Amino acid sequence: MDIHEYQAKELLSNFGVNVPPGALAYSPEQAAYRARELGGEKWIVKAQVHAGGRGKAGGVKLCDSETEIQEACEEMFGRKLVTHQTGPEGKGIYRVYVEGAVQIDREIYLGFVLDRSSQRIMIVASSEGGMEIEEISAERPESIVRSTVEPAVGLQEFQAREIAFALGLESALTQQMVRTLQGCYRAFTELDATMVEINPLVITGDRRVVALDAKMSFDDNALFRHSAIAELRDKSQEDPREARAADRGLSYVGLEGNIGCIVNGAGLAMATMDTIKLAGGEPANFLDIGGGATPERVAKAFRLVMSDSNVQAVLVNIFAGINRCDWVAEGVVQALKEVQVDVPVIVRLAGTNVEEGQKILAKSGLPIIRATTLMEAAERAVGAWQNDQTQATTVRAV
Ligand code: ADP
Ligand code: MG
């Protein structure tokens, strides 16, 4: 899960990272009022969207009066900001952050990521702040400093000092840099983040180390133990289909094809998608309904899959280990009674209580196409959809 810059700044400042004074606004008038409250003579108005590259796309504006702030905000609010990270559809601007303008002497890049090969948190820093890390690694790779942290002892002072020296910081700033690095590291580990990026981290004219931008992402599977962070979620910044699925505890990824998939387990979901392709079809989605697939969950999954207008057949593929086929079968029957499913439905069940499951499907009287193997299920799904193309009288589940 991603959060906004202003939220990341607030979290990081609780861990001792310096940030400029700032305030959030939901309207141009409020932004001007916030600037007056903050005081000072120059302000930066920053569109809050879940993407970087805002500066170049017109989402970060320097203003030196309240009128300018209002004008900058009128331009931003309600618009979609398109940056190189948002994709062509852009992200809606519904909040802006007003921040005191800082006099910048030097810009540094600072990132904390999970390095899978060393299984450690890796600190990536560069004296070339302001540019994106991709540009830095293409144009100035020699400026990048990398350092992995030993989890048993955490980020030690000597290691943080080494990074400060490698960036060429003057010795009077070392202590502030150490505090910033250790603060980010603690925020990363204590809040179960997957990424912390400060670009730029600046040295101000009055020799202070300040985070001018901040990005954080969190491990979705750890949000249950950070309710205050889970609350920072902003659905306006997410893909609506995926946001709906996440709300229902389902992991869903929308795709371009027309065979909807309802599967338990991520591995089986991947195998199902492959088999559909092998049979000559295209999956419409990846959907893992998880281990304890109650009838309600199966019904939710049907609703989600059917909300995609491209779906022309639904393949339910369950391998029941912890799950039970009879439960899933009940779920399918219940779902088909509740949700309007006007496309062929193919069900393949295997594993615990498979006979009971098959009986429930057979007794329901619903036009469910049953299959024993995954290959057969995929072929039937592709066949049912192709048939449907040519004859309108194909078996339909209503
Ligand atoms: P993005 O990375 O999305 O473009 P940033 O927050 O990094 O957005 O802002 C872009 C640039 O604007 C920064 O590199 C910095 O030069 C400038 N900037 C941002 N905030 C301030 C500030 N408070 N004071 C002065 N300059 C700022
Ligand atoms: Mg930035």
# chains A, B, ... in the order shown; residues from 1 in each chain; ligands from 1
>>> residues_around(residues="stretch 185-192 of chain A", least_positions_apart="6", cutoff="10 Å", atoms="only C-alpha atoms", output="MDAnalysis selection string")
chainID A and resid 8 11:17 112:114 121:123 149 151 154:155 179 216:223 225:226 229
>>> write_last_selection(atoms="N, CA, C and O atoms", output="compact mmCIF listing (two decimals), in the first residue's frame")
# COMPACT_ATOMS: atom_id res chain seq x y z
N ALA A 8 3.73 10.47 4.69
CA ALA A 8 5.06 9.88 4.90
C ALA A 8 5.92 10.85 5.71
O ALA A 8 6.67 10.45 6.59
N LEU A 11 4.94 10.65 9.36
CA LEU A 11 5.46 9.43 9.99
C LEU A 11 6.96 9.55 10.24
O LEU A 11 7.46 9.26 11.32
N LEU A 12 7.69 9.98 9.19
CA LEU A 12 9.15 10.04 9.33
C LEU A 12 9.57 11.06 10.37
O LEU A 12 10.56 10.86 11.08
N SER A 13 8.83 12.17 10.46
CA SER A 13 9.23 13.18 11.44
C SER A 13 9.08 12.63 12.86
O SER A 13 9.82 13.00 13.76
N ASN A 14 8.12 11.69 13.05
CA ASN A 14 8.01 11.05 14.36
C ASN A 14 9.24 10.21 14.70
O ASN A 14 9.45 9.83 15.84
N PHE A 15 10.00 9.86 13.67
CA PHE A 15 11.23 9.08 13.89
C PHE A 15 12.47 9.98 13.82
O PHE A 15 13.57 9.50 13.61
N GLY A 16 12.28 11.28 13.93
CA GLY A 16 13.41 12.18 14.03
C GLY A 16 13.95 12.73 12.71
O GLY A 16 15.01 13.35 12.69
N VAL A 17 13.22 12.51 11.61
CA VAL A 17 13.66 13.05 10.32
C VAL A 17 13.13 14.49 10.21
O VAL A 17 11.95 14.74 10.48
N PHE A 112 15.47 3.47 0.76
CA PHE A 112 15.59 2.22 1.54
C PHE A 112 14.69 1.22 0.85
O PHE A 112 13.49 1.47 0.68
N VAL A 113 15.27 0.09 0.45
CA VAL A 113 14.48 -0.93 -0.25
C VAL A 113 14.81 -2.30 0.33
O VAL A 113 15.82 -2.47 1.01
N LEU A 114 13.97 -3.28 -0.01
CA LEU A 114 14.27 -4.66 0.38
C LEU A 114 15.10 -5.26 -0.74
O LEU A 114 14.67 -5.31 -1.88
N ILE A 121 17.64 -5.13 4.27
CA ILE A 121 17.25 -3.79 3.84
C ILE A 121 18.49 -3.13 3.27
O ILE A 121 19.57 -3.18 3.88
N MET A 122 18.34 -2.56 2.08
CA MET A 122 19.49 -1.91 1.45
C MET A 122 19.26 -0.40 1.40
O MET A 122 18.16 0.06 1.06
N ILE A 123 20.31 0.33 1.76
CA ILE A 123 20.25 1.79 1.66
C ILE A 123 20.92 2.16 0.34
O ILE A 123 22.02 1.67 0.04
N VAL A 149 21.98 -3.54 5.57
CA VAL A 149 21.97 -3.48 7.04
C VAL A 149 21.81 -4.89 7.62
O VAL A 149 20.94 -5.65 7.19
N PRO A 151 20.34 -7.26 9.99
CA PRO A 151 19.12 -7.10 10.79
C PRO A 151 19.32 -7.36 12.29
O PRO A 151 18.60 -6.79 13.11
N GLY A 154 20.73 -3.90 13.39
CA GLY A 154 20.13 -2.67 12.88
C GLY A 154 21.18 -1.75 12.30
O GLY A 154 22.37 -2.10 12.20
N LEU A 155 20.76 -0.54 11.91
CA LEU A 155 21.69 0.40 11.29
C LEU A 155 22.58 1.04 12.36
O LEU A 155 22.11 1.83 13.18
N ARG A 179 21.27 10.80 12.10
CA ARG A 179 19.94 10.82 12.70
C ARG A 179 18.86 10.55 11.63
O ARG A 179 17.92 9.80 11.84
N MET A 216 6.53 6.45 0.87
CA MET A 216 6.62 5.19 1.61
C MET A 216 5.60 4.21 1.07
O MET A 216 4.48 4.59 0.71
N SER A 217 5.99 2.93 1.02
CA SER A 217 5.04 1.86 0.70
C SER A 217 5.10 0.85 1.83
O SER A 217 6.15 0.70 2.46
N PHE A 218 3.98 0.16 2.04
CA PHE A 218 3.89 -0.78 3.15
C PHE A 218 3.49 -2.17 2.67
O PHE A 218 2.82 -2.32 1.66
N ASP A 219 3.90 -3.15 3.47
CA ASP A 219 3.56 -4.53 3.19
C ASP A 219 2.10 -4.76 3.56
O ASP A 219 1.72 -4.67 4.73
N ASP A 220 1.26 -5.04 2.55
CA ASP A 220 -0.18 -5.22 2.80
C ASP A 220 -0.44 -6.32 3.84
O ASP A 220 -1.39 -6.23 4.62
N ASN A 221 0.41 -7.35 3.81
CA ASN A 221 0.18 -8.47 4.72
C ASN A 221 0.51 -8.14 6.17
O ASN A 221 0.26 -8.96 7.06
N ALA A 222 1.11 -6.98 6.41
CA ALA A 222 1.45 -6.59 7.79
C ALA A 222 0.54 -5.47 8.28
O ALA A 222 0.65 -5.05 9.43
N LEU A 223 -0.38 -5.01 7.42
CA LEU A 223 -1.21 -3.85 7.83
C LEU A 223 -2.10 -4.17 9.02
O LEU A 223 -2.46 -3.27 9.77
N ARG A 225 -1.35 -5.25 11.69
CA ARG A 225 -0.78 -4.84 12.98
C ARG A 225 -0.39 -3.35 13.02
O ARG A 225 0.31 -2.92 13.92
N HIS A 226 -0.85 -2.60 12.00
CA HIS A 226 -0.61 -1.14 12.02
C HIS A 226 -1.90 -0.44 11.60
O HIS A 226 -2.00 0.07 10.48
N ILE A 229 -1.75 3.05 10.16
CA ILE A 229 -1.26 3.17 8.78
C ILE A 229 -2.29 2.69 7.79
O ILE A 229 -2.51 3.32 6.75
>>> select_by_dssp(residues="stretch 64-245 of chain A", states="strand (DSSP E or B)", output="PyMOL selection string")
chain A and resi 80-81+91-92+96-100+104-115+120-126+144-149+193-204+209-211+215-218
>>> residues_near_ligand(ligand="ligand 2", cutoff="9 Å", atoms="only C-alpha atoms and all ligand atoms", output="PyMOL selection string")
chain A and resi 52-55+109+129-132+197-201+212-215
>>> closest_residue(among="A:Val253, A:Ile144, A:Met375, A:Ile136", to="A:Asp274", atoms="only C-alpha atoms")
A:Met375
>>> closest_residue(among="A:Glu338, A:Glu5, A:Glu134, A:Asp308", to="ligand 1", atoms="only C-alpha atoms and all ligand atoms")
A:Glu5
>>> atom_distance(atom1="atom CA of A:Ala72", atom2="atom CA of A:Leu110")
28.6 Å
>>> atom_distance(atom1="atom CA of A:Asp247", atom2="atom CA of A:Asn317")
22.5 Å
>>> atom_distance(atom1="atom CA of A:Leu167", atom2="atom CA of A:Arg207")
15.3 Å
>>> residues_around(residues="stretch 34-40 of chain A", least_positions_apart="2", cutoff="7 Å", atoms="only C-alpha atoms", output="number ranges by chain")
A: 23, 30-32, 42, 98, 100
>>> write_last_selection(atoms="C-alpha atoms", output="short mmCIF file (atom, residue, chain, number, x, y, z; two decimals), in the first residue's frame")
data_model
loop_
_atom_site.label_atom_id
_atom_site.label_comp_id
_atom_site.auth_asym_id
_atom_site.auth_seq_id
_atom_site.Cartn_x
_atom_site.Cartn_y
_atom_site.Cartn_z
CA ALA A 23 -0.18 21.80 6.08
CA GLN A 30 -8.00 26.44 2.49
CA ALA A 31 -4.53 26.30 0.91
CA ALA A 32 -4.20 30.10 1.09
CA LYS A 42 7.50 31.72 -0.07
CA VAL A 98 1.40 23.65 1.31
CA GLY A 100 7.37 26.52 3.52
#
>>> residues_around(residues="A:Gly351", least_positions_apart="6", cutoff="9 Å", atoms="only C-alpha atoms", output="ChimeraX atom specification")
/A:318-321,323-325
>>> select_by_dssp(residues="stretch 254-320 of chain A", states="alpha helix (DSSP H)", output="PDB file with N, CA and C atoms, in the first residue's frame")
ATOM      1  N   ALA A 266      -2.594 -18.849  -5.007  1.00  0.00           N
ATOM      2  CA  ALA A 266      -1.962 -18.061  -6.065  1.00  0.00           C
ATOM      3  C   ALA A 266      -1.306 -18.957  -7.112  1.00  0.00           C
ATOM      4  N   GLY A 267      -0.674 -20.054  -6.671  1.00  0.00           N
ATOM      5  CA  GLY A 267       0.006 -20.945  -7.615  1.00  0.00           C
ATOM      6  C   GLY A 267      -0.987 -21.594  -8.561  1.00  0.00           C
ATOM      7  N   LEU A 268      -2.108 -22.054  -7.981  1.00  0.00           N
ATOM      8  CA  LEU A 268      -3.129 -22.698  -8.811  1.00  0.00           C
ATOM      9  C   LEU A 268      -3.750 -21.668  -9.762  1.00  0.00           C
ATOM     10  N   ALA A 269      -3.892 -20.421  -9.285  1.00  0.00           N
ATOM     11  CA  ALA A 269      -4.455 -19.367 -10.134  1.00  0.00           C
ATOM     12  C   ALA A 269      -3.541 -19.133 -11.345  1.00  0.00           C
ATOM     13  N   MET A 270      -2.232 -19.137 -11.113  1.00  0.00           N
ATOM     14  CA  MET A 270      -1.282 -18.952 -12.213  1.00  0.00           C
ATOM     15  C   MET A 270      -1.391 -20.133 -13.181  1.00  0.00           C
ATOM     16  N   ALA A 271      -1.447 -21.363 -12.623  1.00  0.00           N
ATOM     17  CA  ALA A 271      -1.529 -22.563 -13.470  1.00  0.00           C
ATOM     18  C   ALA A 271      -2.821 -22.542 -14.281  1.00  0.00           C
ATOM     19  N   THR A 272      -3.908 -22.064 -13.667  1.00  0.00           N
ATOM     20  CA  THR A 272      -5.195 -22.004 -14.364  1.00  0.00           C
ATOM     21  C   THR A 272      -5.109 -21.038 -15.549  1.00  0.00           C
ATOM     22  N   MET A 273      -4.481 -19.887 -15.303  1.00  0.00           N
ATOM     23  CA  MET A 273      -4.338 -18.909 -16.393  1.00  0.00           C
ATOM     24  C   MET A 273      -3.516 -19.493 -17.535  1.00  0.00           C
ATOM     25  N   ASP A 274      -2.439 -20.203 -17.183  1.00  0.00           N
ATOM     26  CA  ASP A 274      -1.593 -20.832 -18.217  1.00  0.00           C
ATOM     27  C   ASP A 274      -2.398 -21.855 -19.019  1.00  0.00           C
ATOM     28  N   THR A 275      -3.193 -22.651 -18.301  1.00  0.00           N
ATOM     29  CA  THR A 275      -3.929 -23.720 -18.982  1.00  0.00           C
ATOM     30  C   THR A 275      -5.006 -23.139 -19.901  1.00  0.00           C
ATOM     31  N   ILE A 276      -5.620 -22.045 -19.470  1.00  0.00           N
ATOM     32  CA  ILE A 276      -6.612 -21.385 -20.341  1.00  0.00           C
ATOM     33  C   ILE A 276      -5.929 -20.952 -21.642  1.00  0.00           C
ATOM     34  N   LYS A 277      -4.746 -20.398 -21.509  1.00  0.00           N
ATOM     35  CA  LYS A 277      -3.998 -19.951 -22.702  1.00  0.00           C
ATOM     36  C   LYS A 277      -3.659 -21.149 -23.589  1.00  0.00           C
ATOM     37  N   LEU A 278      -3.245 -22.241 -22.933  1.00  0.00           N
ATOM     38  CA  LEU A 278      -2.890 -23.454 -23.674  1.00  0.00           C
ATOM     39  C   LEU A 278      -4.092 -23.970 -24.464  1.00  0.00           C
ATOM     40  N   PRO A 295     -18.979 -19.856   1.556  1.00  0.00           N
ATOM     41  CA  PRO A 295     -19.927 -19.536   0.481  1.00  0.00           C
ATOM     42  C   PRO A 295     -20.003 -18.024   0.210  1.00  0.00           C
ATOM     43  N   GLU A 296     -19.943 -17.198   1.266  1.00  0.00           N
ATOM     44  CA  GLU A 296     -20.030 -15.740   1.088  1.00  0.00           C
ATOM     45  C   GLU A 296     -18.858 -15.226   0.249  1.00  0.00           C
ATOM     46  N   ARG A 297     -17.692 -15.791   0.523  1.00  0.00           N
ATOM     47  CA  ARG A 297     -16.492 -15.366  -0.198  1.00  0.00           C
ATOM     48  C   ARG A 297     -16.582 -15.718  -1.676  1.00  0.00           C
ATOM     49  N   VAL A 298     -17.108 -16.937  -1.928  1.00  0.00           N
ATOM     50  CA  VAL A 298     -17.253 -17.363  -3.322  1.00  0.00           C
ATOM     51  C   VAL A 298     -18.237 -16.425  -4.031  1.00  0.00           C
ATOM     52  N   ALA A 299     -19.309 -16.060  -3.325  1.00  0.00           N
ATOM     53  CA  ALA A 299     -20.287 -15.150  -3.920  1.00  0.00           C
ATOM     54  C   ALA A 299     -19.658 -13.794  -4.223  1.00  0.00           C
ATOM     55  N   LYS A 300     -18.823 -13.305  -3.308  1.00  0.00           N
ATOM     56  CA  LYS A 300     -18.137 -12.018  -3.534  1.00  0.00           C
ATOM     57  C   LYS A 300     -17.252 -12.106  -4.766  1.00  0.00           C
ATOM     58  N   ALA A 301     -16.566 -13.268  -4.892  1.00  0.00           N
ATOM     59  CA  ALA A 301     -15.674 -13.447  -6.031  1.00  0.00           C
ATOM     60  C   ALA A 301     -16.469 -13.414  -7.334  1.00  0.00           C
ATOM     61  N   PHE A 302     -17.653 -14.060  -7.346  1.00  0.00           N
ATOM     62  CA  PHE A 302     -18.488 -14.042  -8.551  1.00  0.00           C
ATOM     63  C   PHE A 302     -18.894 -12.617  -8.907  1.00  0.00           C
ATOM     64  N   ARG A 303     -19.308 -11.870  -7.874  1.00  0.00           N
ATOM     65  CA  ARG A 303     -19.730 -10.491  -8.116  1.00  0.00           C
ATOM     66  C   ARG A 303     -18.607  -9.685  -8.755  1.00  0.00           C
ATOM     67  N   LEU A 304     -17.417  -9.877  -8.198  1.00  0.00           N
ATOM     68  CA  LEU A 304     -16.254  -9.129  -8.689  1.00  0.00           C
ATOM     69  C   LEU A 304     -15.946  -9.501 -10.141  1.00  0.00           C
ATOM     70  N   VAL A 305     -15.925 -10.797 -10.422  1.00  0.00           N
ATOM     71  CA  VAL A 305     -15.593 -11.247 -11.779  1.00  0.00           C
ATOM     72  C   VAL A 305     -16.661 -10.766 -12.761  1.00  0.00           C
ATOM     73  N   MET A 306     -17.936 -10.846 -12.361  1.00  0.00           N
ATOM     74  CA  MET A 306     -19.014 -10.457 -13.264  1.00  0.00           C
ATOM     75  C   MET A 306     -19.086  -8.938 -13.463  1.00  0.00           C
TER      76      MET A 306
END
>>> closest_residue(among="A:Asn18, A:Ala211, A:Val124, A:Gln7", to="ligand 1", atoms="only C-alpha atoms and all ligand atoms")
A:Ala211
>>> decode(residues="stretch 357-375 of chain A", atoms="C-alpha atoms", output="PDB file, in the first residue's frame")
ATOM      1  CA  GLY A 357     -19.268 -31.094  -3.702  1.00  0.00           C
ATOM      2  CA  GLN A 358     -20.219 -32.732  -6.994  1.00  0.00           C
ATOM      3  CA  LYS A 359     -23.552 -33.863  -5.521  1.00  0.00           C
ATOM      4  CA  ILE A 360     -24.419 -30.335  -4.400  1.00  0.00           C
ATOM      5  CA  LEU A 361     -23.695 -28.989  -7.886  1.00  0.00           C
ATOM      6  CA  ALA A 362     -25.705 -31.778  -9.578  1.00  0.00           C
ATOM      7  CA  LYS A 363     -28.696 -31.410  -7.220  1.00  0.00           C
ATOM      8  CA  SER A 364     -28.859 -27.634  -7.642  1.00  0.00           C
ATOM      9  CA  GLY A 365     -30.378 -27.998 -11.090  1.00  0.00           C
ATOM     10  CA  LEU A 366     -28.283 -25.055 -12.254  1.00  0.00           C
ATOM     11  CA  PRO A 367     -26.704 -25.279 -15.724  1.00  0.00           C
ATOM     12  CA  ILE A 368     -23.178 -25.668 -14.383  1.00  0.00           C
ATOM     13  CA  ILE A 369     -20.675 -27.334 -16.680  1.00  0.00           C
ATOM     14  CA  ARG A 370     -18.585 -29.761 -14.641  1.00  0.00           C
ATOM     15  CA  ALA A 371     -15.049 -30.910 -15.365  1.00  0.00           C
ATOM     16  CA  THR A 372     -12.678 -33.352 -13.660  1.00  0.00           C
ATOM     17  CA  THR A 373      -9.237 -32.166 -14.730  1.00  0.00           C
ATOM     18  CA  LEU A 374      -7.898 -28.669 -15.120  1.00  0.00           C
ATOM     19  CA  MET A 375      -7.191 -29.222 -18.825  1.00  0.00           C
TER      20      MET A 375
END
